[in-house]
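What follows is a single structure, written as structure tokens, with notes after it.
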Protein chains: 2
Amino acid sequence: MNAEKIPDIIIGRLPIYLRALQRMSEKGMKTTSSQELGEHVGISAAQIRKDISQFGEFGKQGTGYSIPFLIDKLRDILKVNRMWDVVIVGAGDMGHALARYPDFANRGFRVCMIFDLDRAKVGQRVGDLTIEDVAKLVECVREAKIKVGMVTVPASSAQEVTDKLVQAGVKAILNYAPTSVNAPSNVHVQHIDPANHLQRMTYYLE
Amino acid sequence: MNAEKIPDIIIGRLPIYLRALQRMSEKGMKTTSSQELGEHVGISAAQIRKDISQFGEFGKQGTGYSIPFLIDKLRDILKVNRMWDVVIVGAGDMGHALARYPDFANRGFRVCMIFDLDRAKVGQRVGDLTIEDVAKLVECVREAKIKVGMVTVPASSAQEVTDKLVQAGVKAILNYAPTSVNAPSNVHVQHIDPANHLQRMTYYLE
């Protein structure tokens with residue numbers, strides 16, 4: 001396995017396979033085939049076999065894939081065979097929704113801090129968390145060695161907040177703000193933009 | 001131009017180009033190059049030229065792309081040279097965040113209805129909208145000929161709500177529920193799953 005050489009487009013499909021396999025496992029299934037997995041995720045069996053074979057020989061001709069084995073391997077590859085602490089910046093509607101997102105725990109993530117720029121919100125509770133002042137962000141996040149962040153602030157503060165996360169040592173940022181942000185090349189940023197996702201679908205509409 | 005043949009992966013990049021071009025235009029820029037656009041979106045100049053050339057000869061050797069012209073072309077291709085009415089189902093934190101998302105109007109979308117399953121929420125206001133009873137969804141959405149929907153309900157109701165949207169004639173669904181949903185093959189569904197997006201980044205972390 002040569003991690004450096006695997007195209008990002010393949011990495012992007014692995015979480016989709018992992019989630020589908022976890023669902024199958026919850027239903028008590030023990031084995032699956034690339035055909036069956038493909039039907040669950042809407043990706044061709046050939047593509048799935050090709051993607052998975054990048055990491056080794058995990059399936060057997062005729063018997064298919066062991067679901068628990070493939071889950072372990074994918075969790076290992078994606079580095080979610082551990083818990084990642086996550087910080088949220090922005091305690092608005094989106095921040096609340098993400099802080100309460102029920103599907104993080106069994107996918108390798110735990111939201112452990114939430115910050116806001118609005119002093120009026122500081123001290124309020126979001127589930128088990130207390131909203132902290134963004135002025136403390138760099139110190140707290142650095143001390144807790146948090147590497148994963150989600151940005152849910154308005155467009156006007158998104159870059160400032162991103163800079164603070166980078167300064168604090170965060171290396172992976174999921175940006176829900178309605179603007180793109182810049183970060184150094186060693187920090188991974190993904191932008192969730194509902195308009196982009198909708199436009200990709202309207203292309204196909206009549 | 002043969003729309004049938006363009007790979008979906010290319011279609012998925014067009015909204016990213018369009019957004020970047022709109023930003024450039026807002027700053028008063030009139031022309032750009034594939035190199036410059038590439039730096040904005042983090043995609044190689046060669047890839048951008050290849051993607052755009054699928055739809056015609058929109059750039060000129062030496063002078064690059066006219067930003068207003070390329071914006072018009074991309075809006076035309078993505079069918080966002082018009083306003084799409086959008087329905088939201090689920091008036092929780094995520095539904096509120098999306099109903100108030102400030103970047104829809106200039107990207108071709110207008111949230112015009114929001115429904116909830118909780119009768120206690122019905123009649124409450126979200127910005128300019130009134131939360132409606134999901135029992136009225138099929139009738140209202142069909143009558144208004146809405147083709148685009150966003151699902152922000154809990155996992156347990158996501159499939160039921162998706163079925164109602166499909167029944168009402170919706171053809172493009174952005175699913176924010178923490179579960180995948182099934183729809184007929186003529187309905188486009190995209191699943192926004194923050195855990196998937198985070199896992200794609202943890203792969204690269206040490």
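Residues in the structure tokens are named by chain (A, B, ... in the order shown) and by number from 1 within that chain; ligands are numbered from 1 in the order shown.
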
Residues at most 9 Å from Leu70 (chain A), counting only C-alpha atoms, excluding those fewer than 6 positions away in the same chain, as a ChimeraX atom specification?
-> /A:18,21,58-59

Deliver the residues from the most recent selection as a file, using all heavy atoms, as a compact mmCIF listing (two decimals), in the first residue's frame.
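Wrote selection-v5.txt, looks like this:
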# COMPACT_ATOMS: atom_id res chain seq x y z
N LEU A 18 -17.67 2.63 3.73
CA LEU A 18 -17.62 2.30 5.16
C LEU A 18 -19.00 2.47 5.80
O LEU A 18 -19.44 1.60 6.57
CB LEU A 18 -16.58 3.19 5.86
CG LEU A 18 -16.47 3.04 7.38
CD1 LEU A 18 -16.20 1.60 7.80
CD2 LEU A 18 -15.36 3.96 7.93
N LEU A 21 -21.26 -0.37 4.77
CA LEU A 21 -20.86 -1.63 5.43
C LEU A 21 -21.29 -1.61 6.90
O LEU A 21 -21.73 -2.64 7.43
CB LEU A 21 -19.35 -1.82 5.32
CG LEU A 21 -18.83 -2.13 3.90
CD1 LEU A 21 -17.33 -1.88 3.80
CD2 LEU A 21 -19.16 -3.57 3.51
N PHE A 58 -8.57 -7.70 -0.23
CA PHE A 58 -9.47 -7.82 0.92
C PHE A 58 -10.66 -8.73 0.65
O PHE A 58 -11.39 -9.09 1.56
CB PHE A 58 -9.99 -6.43 1.34
CG PHE A 58 -8.91 -5.50 1.82
CD1 PHE A 58 -9.12 -4.13 1.84
CD2 PHE A 58 -7.69 -5.99 2.27
CE1 PHE A 58 -8.13 -3.27 2.29
CE2 PHE A 58 -6.70 -5.13 2.71
CZ PHE A 58 -6.92 -3.76 2.72
N GLY A 59 -10.89 -9.07 -0.60
CA GLY A 59 -12.03 -9.92 -0.94
C GLY A 59 -11.55 -11.27 -1.47
O GLY A 59 -10.39 -11.40 -1.87

Enumerate, as a ChimeraX atom specification, the complete set of residues in region 21-168 of chain A that a backbone-based DSSP assignment places in strand (DSSP E or B).
-> /A:31-32,59-60,64-66,84-89,109-116,125-126,129-133,148-151

Region 156-166 of chain B surroundings by only C-alpha atoms, 12 Å radius, close-in-sequence under 3 positions cut, as a ChimeraX atom specification = /A:102 /B:86-90,115-118,134-142,145-153,169-191

Could you please tell me, as a ChimeraX atom specification, which residues of chain A have an atom within 9 Å of chain B when using only C-alpha atoms?
-> /A:3,8,11-16,19,77-80,84,92-98,101-104,107-109,147-148,171-174,178-179,188-190,192-206

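You will find CA of Gly62 (chain A) at 17.7 Å from CA of Gln47 (chain A).
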
Among the residues of region 69-193 of chain A, find those DSSP assigns to alpha helix (DSSP H) from the backbone and print them as a PyMOL selection string.
-> chain A and resi 69-77+93-99+137-143+155-167
